[in-house]
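Take a look at the structure below.
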Protein chains: 2
Amino acid sequence: MKNFFQAKRVAVIGASKEEGKVGNVIFQNFLGLPFKGEVFAVNPNADEVMGYETYKNVRDISGKIDLAVIAVPAKFVIKTVEDCGKKKIRNIIIITAGFKEVGNTKLSNQLKKTLEKYKIKCIGPNCLGVYSSYGVDTLFLPKSRLKRPQPGTIAFVSQSGASGSAILDLAAEEGYGFSKFISYGNAITIDETDLIEYLGADKDTKVICMYVEGISDGKRFLEVCKKITKKKPIITIKGGISKKGSQATMSHTGSLAGQAEIYFGAFKQAGITIAKDLREMFDYMKVFEKIQTKPKQGRTQIITNGGGYGILSTDSLERYNVPMAEPSKSTISKLKKKLPPIAAVKNPTDILGDADTQRYTDAINAYLLDKNVDIIMATVLPQTPLIGKQSILDALEELHKKSKKPIITITTGSEYAIELRKQIEEKGIPCFEFPHNAARAIKKLIEKK
Amino acid sequence: MKNFFQAKRVAVIGASKEEGKVGNVIFQNFLGLPFKGEVFAVNPNADEVMGYETYKNVRDISGKIDLAVIAVPAKFVIKTVEDCGKKKIRNIIIITAGFKEVGNTKLSNQLKKTLEKYKIKCIGPNCLGVYSSYGVDTLFLPKSRLKRPQPGTIAFVSQSGASGSAILDLAAEEGYGFSKFISYGNAITIDETDLIEYLGADKDTKVICMYVEGISDGKRFLEVCKKITKKKPIITIKGGISKKGSQATMSHTGSLAGQAEIYFGAFKQAGITIAKDLREMFDYMKVFEKIQTKPKQGRTQIITNGGGYGILSTDSLERYNVPMAEPSKSTISKLKKKLPPIAAVKNPTDILGDADTQRYTDAINAYLLDKNVDIIMATVLPQTPLIGKQSILDALEELHKKSKKPIITITTGSEYAIELRKQIEEKGIPCFEFPHNAARAIKKLIEKK
């Protein structure tokens with residue numbers, strides 16, 4: 001499987017010189033960093049592609065090829081796979097559509113047989129394929145439309161190509177770091193379970209995310225997940241949980257999605273974190289990416305420079321059944337001496353609208369040291385100029401480094417706040433847009449195995 | 001009340017030349033557009049502020065003053081209000097803090113008496129005051145931190161200053177249009193109900209939003225809301241609905257917030273739309289701002305270029321109990337002729353990953369004409385270069401203009417998608433980030449009175 005993500009010598013079959021074409025975008029993806037290996041263009045009808053010599057046939061390339069990416073018309077796919085088989089290529093990504101998903105069962109079966117004959121592992125057909133932080137990138141959508149994420153520890157597996165690409169694009173925008181992204185389409189040989197199993201053992205991946213409609217072998221899938229979730233979280237958003245949604249999956253990926261209750265029950269037993277919508281998935285991704293150690297208990301201390309956000313945070317914790325911390329008397333009395341007399345020093349602690357970095361440092365520090373507190377939930381509203389970006393960042397970083405207790409932050413607003421959120425997260429501290437999202441994520445953090 | 005929002009001659013008492021000071025930011029706010037009236041700086045200790053002549057006392061200004069903004073230390077407030085009273089100013093915004101909210105009941109009572117003596121209407125003290133699209137802007141936070149929203153039809157009333165400013169800042173970023181924003185602080189004479197009542201009759205305001213912790217006169221509040229919600233929606237997020245949250249409001253605004261069930265029940269009876277968290281409020285704001293006419297029924301037709309989003313849309317509609325449309329046979333057969341043979345023409349309708357503007361036009365048009373469809377829910381994933389921004393915008397605008405049926409759109413992704421979303425909304429069409437948000441908003445649209 002490793003060759004799908006870390007191939008050193010890649011052949012793009014169907015590499016095209018025509019701008020915007022699938023085979024053109026994919027070939028270009030391999031030309032620059034982060035890919036450091038060699039790429040070969042295969043195209044019987046062109047002498048060169050972007051200044052690179054082309055090969056009429058993949059077999060004409062000398063030396064071993066780790067991975068072939070196939071982007072030729074459906075009718076040529078079988079022949080191309082045959083050539084790959086003879087060239088002893090064992091990993092293939094087939095981008096081409098026009099198989100089972102359009103009712104072409106015959107061609108699909110023929111493809112399957114050919115793949116089996118040569119013992120080829122295949123992702124696809126009818127997919128976007130793979131994006132890996134190592135440099136394999138078969139996403140045929142240009143970077144101006146589909147932003148590539150920074151390297152990181154999240155792996156995302158999507159049955160749906162277009163939806164997967166939209167999710168990846170947004171995740172890149174919001175600063176999530178990815179190890180791998182896989183759109184696996186028709187899953188002709190490699191299915192969701194194979195991928196999850198691989199990612200479970202993958203050292204570069206700490207969080208596995210998944211958009212799935214149907215699961216081909218439910219029993220095996222759950223067994224695999226059960227083992228993995230003991231070590232790393234699997235977050236799943238299940239498409240087709242509603243009655244009508246389940247019917248609709250039939251014409252999307254041809255797989256039958258089952259009833260909500262059955263799925264959710266089984267997922268829960270396997271330790272899978274269920275997200276009911278995409279923002280929920282993003283929120284869980286964030287908290288699991290940043291925080292690997294489970295807090296002792298869930299007793300959460302709120303700190304805020306906006307009284308209303310303190311109230312909303314409190315409401316949100318209760319909504320998600322997260323226990324509020326009850327800080328010790330000595331913490332309270334020590335902190336009271338440091339904060340202005342009118343600050344509300346309890347839970348929530350309101351350090352007031354004119355709070356500066358020093359007040360945040362004092363408050364967070366006090367609660368990090370308190371045995372009765374497991375998690376800090378701190379709102380930083382940066383509309384007041386008293387919040388200095390660099391100073392609050394430095395303070396948060398230092399506090400985060402010296403304590404194992406999770407610090408969960410919240411900030412809301414326009415450019416300045418969005419930038420601050422990204423920078424806080426670069427320090428390894430999760431930062432949410434609203435108290436509700438933070439509270440919901442904290443709940444999952446506590447429930448973590 | 002009108003003078004709070006449309007004053008022509010404004011006195012800023014405590015106008016300061018010191019950059020960053022409250023009285024400096026506020027005075028500056030009145031110097032440029034959109035404010036077209038006259039502003040006067042009152043400061044006994046300075047000869048000029050930013051090149052403007054200062055007055056030692058508000059009474060020294062000749063002619064009528066419509067509105068005084070007070071930003072002097074608490075101990076000088078009573079005397080300043082006396083001067084305003086003698087100058088026959090009947091509208092005052094007191095920014096200054098240090099009254100009831102810090103336990104200074106005596107000063108607070110004294111202020112109240114002085115205001116009553118001169119029959120002065122007062123917003124504040126301890127507040128950010130007012131932002132109106134007309135040009136009154138007493139928000140003392142600089143525009144680099146707190147973005148001002150574009151003019152529009154939303155009014156937002158917030159008990160909490162810092163939280164209100166964060167919400168306003170984000171709303172400005174996301175392109176919402178505001179008529180008024182009011183942070184009313186201690187509500188010494190004008191309370192939430194007075195404001196809601198005014199906004200209910202305000203022609204520039206079509207949607208009223210509110211963040212509230214405690215309500216001073218519940219009976220009157222509900223009576224006023226009940227009348228208004230027959231004509232325009234009131235969206236409320238209630239802080240302190242949880243047990244602990246309710247306790248926390250005591251030290252924030254000194255008001256006792258009641259039990260969730262009682263509030264929600266009463267709010268519902270008064271026709272108030274309840275949002276449980278801030279994103280929910282933003283979603284409802286969006287759909288109510290853009291769509292004034294209630295759809296006949298709620299039968300919703302899904303169109304998508306990403307199969308997964310079709311499934312997720314279907315799941316979301318069922319989650320929020322929104323009925324799926326069952327398009328007529330003739331619509332289906334006509335549309336089938338226009339779309340590729342492998343497109344799924346039903347509900348959801350998947351116009352496939354290679355959809356262009358023409359396919360959107362064909363599909364949306366077909367369902368707009370179908371008697372069995374009340375609402376269109378269309379996903380446009382722009383990761384594929386086949387989606388041209390200008391062409392899809394033009395098409396959506398034309399379709400939107402020729403039909404009264406709401407078109408609700410969804411798009412997800414990085415810069416390109418974010419830009420597309422803003423531009424779609426400039427055409428008067430709501431656009432959400434995820435199917436879940438769209439479905440939840442559609443539900444409220446159907447429930448609208």
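Letters A, B, ... go to the chains of the structure tokens in the order shown; residues in each chain start at 1; ligands are counted from 1 in the same order.
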
May I ask you to extract the residues of chain A within 7 Å of chain B, using only C-alpha atoms, and to give them as number ranges by chain?
A: 102, 141, 145-147, 160, 162-163, 165-167, 169-170, 173, 239-242, 244-245, 248-249, 251-252, 277-278, 306-309, 311-312, 314-315, 318, 342, 344, 348, 353, 381-385, 412-414, 416, 434, 436

Take the residues just selected and output them with C-alpha atoms as a PDB file, in the first residue's frame.
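Full text of part-v9.pdb as output:
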```
ATOM      1  CA  VAL A 102     -22.854   4.176 -14.889  1.00  0.00           C
ATOM      2  CA  LEU A 141      -8.496  19.807  -9.885  1.00  0.00           C
ATOM      3  CA  ARG A 145      -9.699  25.815  -7.141  1.00  0.00           C
ATOM      4  CA  LEU A 146      -8.721  23.050  -4.756  1.00  0.00           C
ATOM      5  CA  LYS A 147      -6.217  24.301  -2.214  1.00  0.00           C
ATOM      6  CA  SER A 160     -17.438  10.857  -2.731  1.00  0.00           C
ATOM      7  CA  ALA A 162     -16.554  16.131  -5.390  1.00  0.00           C
ATOM      8  CA  SER A 163     -17.635  16.342  -1.768  1.00  0.00           C
ATOM      9  CA  SER A 165     -12.499  17.759  -2.624  1.00  0.00           C
ATOM     10  CA  ALA A 166     -14.728  20.514  -1.219  1.00  0.00           C
ATOM     11  CA  ILE A 167     -13.997  19.318   2.309  1.00  0.00           C
ATOM     12  CA  ASP A 169     -10.309  22.614   0.102  1.00  0.00           C
ATOM     13  CA  LEU A 170     -12.011  24.083   3.166  1.00  0.00           C
ATOM     14  CA  GLU A 173      -8.197  27.104   4.078  1.00  0.00           C
ATOM     15  CA  GLY A 239     -24.083   9.756   4.222  1.00  0.00           C
ATOM     16  CA  GLY A 240     -27.475   8.195   3.646  1.00  0.00           C
ATOM     17  CA  ILE A 241     -28.573   7.805   7.239  1.00  0.00           C
ATOM     18  CA  SER A 242     -32.060   9.048   6.474  1.00  0.00           C
ATOM     19  CA  LYS A 244     -34.545   9.061   1.504  1.00  0.00           C
ATOM     20  CA  GLY A 245     -30.828   9.632   1.787  1.00  0.00           C
ATOM     21  CA  ALA A 248     -30.245   8.316  -2.985  1.00  0.00           C
ATOM     22  CA  THR A 249     -26.931   6.575  -2.318  1.00  0.00           C
ATOM     23  CA  SER A 251     -27.598   6.048  -7.670  1.00  0.00           C
ATOM     24  CA  HIS A 252     -24.537   7.821  -6.328  1.00  0.00           C
ATOM     25  CA  ASP A 277     -22.680  17.144   9.936  1.00  0.00           C
ATOM     26  CA  LEU A 278     -19.533  18.501   8.333  1.00  0.00           C
ATOM     27  CA  GLY A 306     -16.518  38.975  27.066  1.00  0.00           C
ATOM     28  CA  GLY A 307     -19.106  38.359  29.758  1.00  0.00           C
ATOM     29  CA  GLY A 308     -21.652  37.100  27.239  1.00  0.00           C
ATOM     30  CA  TYR A 309     -19.226  34.506  25.925  1.00  0.00           C
ATOM     31  CA  ILE A 311     -22.462  32.758  29.803  1.00  0.00           C
ATOM     32  CA  LEU A 312     -22.733  31.111  26.380  1.00  0.00           C
ATOM     33  CA  THR A 314     -21.476  27.805  30.442  1.00  0.00           C
ATOM     34  CA  ASP A 315     -24.711  27.097  28.606  1.00  0.00           C
ATOM     35  CA  GLU A 318     -24.311  22.059  30.131  1.00  0.00           C
ATOM     36  CA  ILE A 342     -14.679  43.884  39.781  1.00  0.00           C
ATOM     37  CA  ALA A 344     -15.781  37.760  38.426  1.00  0.00           C
ATOM     38  CA  PRO A 348     -16.844  31.312  34.403  1.00  0.00           C
ATOM     39  CA  GLY A 353     -13.428  43.758  28.343  1.00  0.00           C
ATOM     40  CA  LEU A 381     -12.254  38.444  21.735  1.00  0.00           C
ATOM     41  CA  PRO A 382      -9.717  40.604  19.885  1.00  0.00           C
ATOM     42  CA  GLN A 383     -12.001  43.513  18.993  1.00  0.00           C
ATOM     43  CA  THR A 384     -10.320  45.509  21.751  1.00  0.00           C
ATOM     44  CA  PRO A 385      -6.843  46.823  20.878  1.00  0.00           C
ATOM     45  CA  THR A 412     -14.791  35.295  16.829  1.00  0.00           C
ATOM     46  CA  GLY A 413     -14.559  38.068  14.272  1.00  0.00           C
ATOM     47  CA  SER A 414     -13.187  39.302  10.961  1.00  0.00           C
ATOM     48  CA  TYR A 416      -7.837  39.930  12.708  1.00  0.00           C
ATOM     49  CA  PHE A 434     -17.932  29.847  18.946  1.00  0.00           C
ATOM     50  CA  HIS A 436     -20.798  25.863  21.172  1.00  0.00           C
TER      51      HIS A 436
END
```

Which of stretch 121-318 of chain A counts as helix (DSSP H, G or I) under DSSP, as a ChimeraX atom specification please?
/A:161-173,192-201,218-228,243-252,260-269,278-290,307-318

Identify, on the basis of only C-alpha atoms, every residue whose closest approach to B:Pro125 does not exceed 8 Å; exclude the query and any residue fewer than 6 positions from it along the same chain; express the result as a PyMOL selection string.
chain B and resi 93-97+99+184-188

Export of the given selection (N, CA and C atoms) as a short mmCIF file (atom, residue, chain, number, x, y, z; two decimals), in the first residue's frame:
```
data_model
loop_
_atom_site.label_atom_id
_atom_site.label_comp_id
_atom_site.auth_asym_id
_atom_site.auth_seq_id
_atom_site.Cartn_x
_atom_site.Cartn_y
_atom_site.Cartn_z
N ILE B 93 -26.23 58.84 24.94
CA ILE B 93 -25.62 57.51 25.04
C ILE B 93 -24.48 57.63 26.04
N ILE B 94 -24.55 56.89 27.13
CA ILE B 94 -23.46 56.94 28.12
C ILE B 94 -22.60 55.68 27.97
N ILE B 95 -21.40 55.87 27.50
CA ILE B 95 -20.46 54.76 27.30
C ILE B 95 -19.84 54.35 28.64
N THR B 96 -19.55 55.34 29.46
CA THR B 96 -18.85 55.17 30.74
C THR B 96 -19.38 53.99 31.57
N ALA B 97 -18.45 53.22 32.15
CA ALA B 97 -18.82 52.14 33.06
C ALA B 97 -18.55 52.58 34.50
N PHE B 99 -21.05 51.78 37.23
CA PHE B 99 -22.33 52.02 37.91
C PHE B 99 -22.84 50.72 38.55
N TYR B 184 -26.73 47.92 24.75
CA TYR B 184 -27.48 48.82 25.64
C TYR B 184 -27.07 48.74 27.11
N GLY B 185 -26.09 47.88 27.41
CA GLY B 185 -25.48 47.87 28.74
C GLY B 185 -26.47 47.78 29.90
N ASN B 186 -26.36 48.72 30.83
CA ASN B 186 -27.15 48.65 32.07
C ASN B 186 -28.63 48.99 31.89
N ALA B 187 -29.01 49.50 30.74
CA ALA B 187 -30.42 49.78 30.44
C ALA B 187 -31.08 50.66 31.50
N ILE B 188 -30.45 51.75 31.82
CA ILE B 188 -30.95 52.57 32.93
C ILE B 188 -32.30 53.22 32.62
#
```

For A:Gly428, find every residue with an atom within 9 Å (counting only C-alpha atoms), except residues of its own chain fewer than 2 positions away, and show them as a CSV table (one decimal) with C-alpha atoms, in the first residue's frame.
```csv
chain,number,residue,atom,x,y,z
A,289,GLU,CA,-5.4,16.6,15.9
A,290,LYS,CA,-4.1,19.0,18.5
A,291,ILE,CA,-4.7,17.0,21.7
A,397,GLU,CA,2.4,29.0,23.8
A,400,HIS,CA,0.6,25.3,26.7
A,424,ILE,CA,-3.0,30.0,17.9
A,425,GLU,CA,-3.5,26.7,16.1
A,426,GLU,CA,0.0,26.8,14.7
A,430,PRO,CA,-7.2,24.3,19.2
```

May I have all residues of stretch 216-397 of chain B that DSSP, computed from the backbone, assigns to strand (DSSP E or B), given as JSON, numbers by chain?
{"B": [234, 235, 236, 237, 238, 273, 274, 275, 300, 301, 302, 303, 304, 324, 344, 349, 350, 375, 376, 377, 378, 379]}

Selection: 12 Å around A:Thr236, only C-alpha atoms, excl. self and same-chain fewer than 6 positions, as a PDB file with C-alpha atoms, in the first residue's frame:
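Resulting contents of out-v1.pdb:
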```
ATOM      1  CA  ALA A 155      -5.956  11.360   7.040  1.00  0.00           C
ATOM      2  CA  PHE A 156      -9.248  11.721   5.231  1.00  0.00           C
ATOM      3  CA  VAL A 157     -10.954   8.946   3.307  1.00  0.00           C
ATOM      4  CA  SER A 158     -13.880   9.897   1.095  1.00  0.00           C
ATOM      5  CA  GLN A 159     -16.187   7.764  -0.958  1.00  0.00           C
ATOM      6  CA  GLU A 192     -12.674   1.691   2.788  1.00  0.00           C
ATOM      7  CA  ILE A 196      -8.599   2.487   7.297  1.00  0.00           C
ATOM      8  CA  VAL A 207      -6.514  11.105  13.256  1.00  0.00           C
ATOM      9  CA  ILE A 208      -8.571   9.243  10.673  1.00  0.00           C
ATOM     10  CA  CYS A 209     -11.608  10.912   9.112  1.00  0.00           C
ATOM     11  CA  MET A 210     -14.063   9.357   6.788  1.00  0.00           C
ATOM     12  CA  TYR A 211     -17.008  10.239   4.616  1.00  0.00           C
ATOM     13  CA  VAL A 212     -18.740   7.012   3.771  1.00  0.00           C
ATOM     14  CA  GLU A 213     -22.062   6.051   2.246  1.00  0.00           C
ATOM     15  CA  CYS A 225     -12.018   0.037  13.484  1.00  0.00           C
ATOM     16  CA  THR A 229      -9.785   3.331  17.849  1.00  0.00           C
ATOM     17  CA  TYR A 263     -25.081   2.129  11.869  1.00  0.00           C
ATOM     18  CA  PHE A 264     -24.758   4.445  14.824  1.00  0.00           C
ATOM     19  CA  PHE A 267     -20.088   2.555  15.030  1.00  0.00           C
ATOM     20  CA  LYS A 268     -20.281   3.441  18.687  1.00  0.00           C
ATOM     21  CA  ALA A 270     -16.344   0.060  17.472  1.00  0.00           C
ATOM     22  CA  GLY A 271     -15.266   3.272  19.183  1.00  0.00           C
ATOM     23  CA  ILE A 272     -15.921   5.406  16.101  1.00  0.00           C
ATOM     24  CA  THR A 273     -16.672   9.085  16.711  1.00  0.00           C
ATOM     25  CA  ILE A 274     -19.826   9.939  14.807  1.00  0.00           C
ATOM     26  CA  ALA A 275     -20.261  13.420  13.311  1.00  0.00           C
ATOM     27  CA  LYS A 276     -23.763  14.351  12.236  1.00  0.00           C
ATOM     28  CA  ASP A 277     -22.680  17.144   9.936  1.00  0.00           C
ATOM     29  CA  LEU A 278     -19.533  18.501   8.333  1.00  0.00           C
ATOM     30  CA  GLU A 280     -19.072  18.755  13.592  1.00  0.00           C
ATOM     31  CA  MET A 281     -16.512  16.621  11.779  1.00  0.00           C
ATOM     32  CA  PHE A 282     -14.193  19.625  11.399  1.00  0.00           C
ATOM     33  CA  TYR A 284     -13.648  16.890  16.171  1.00  0.00           C
ATOM     34  CA  MET A 285     -10.801  16.775  13.671  1.00  0.00           C
TER      35      MET A 285
END
```
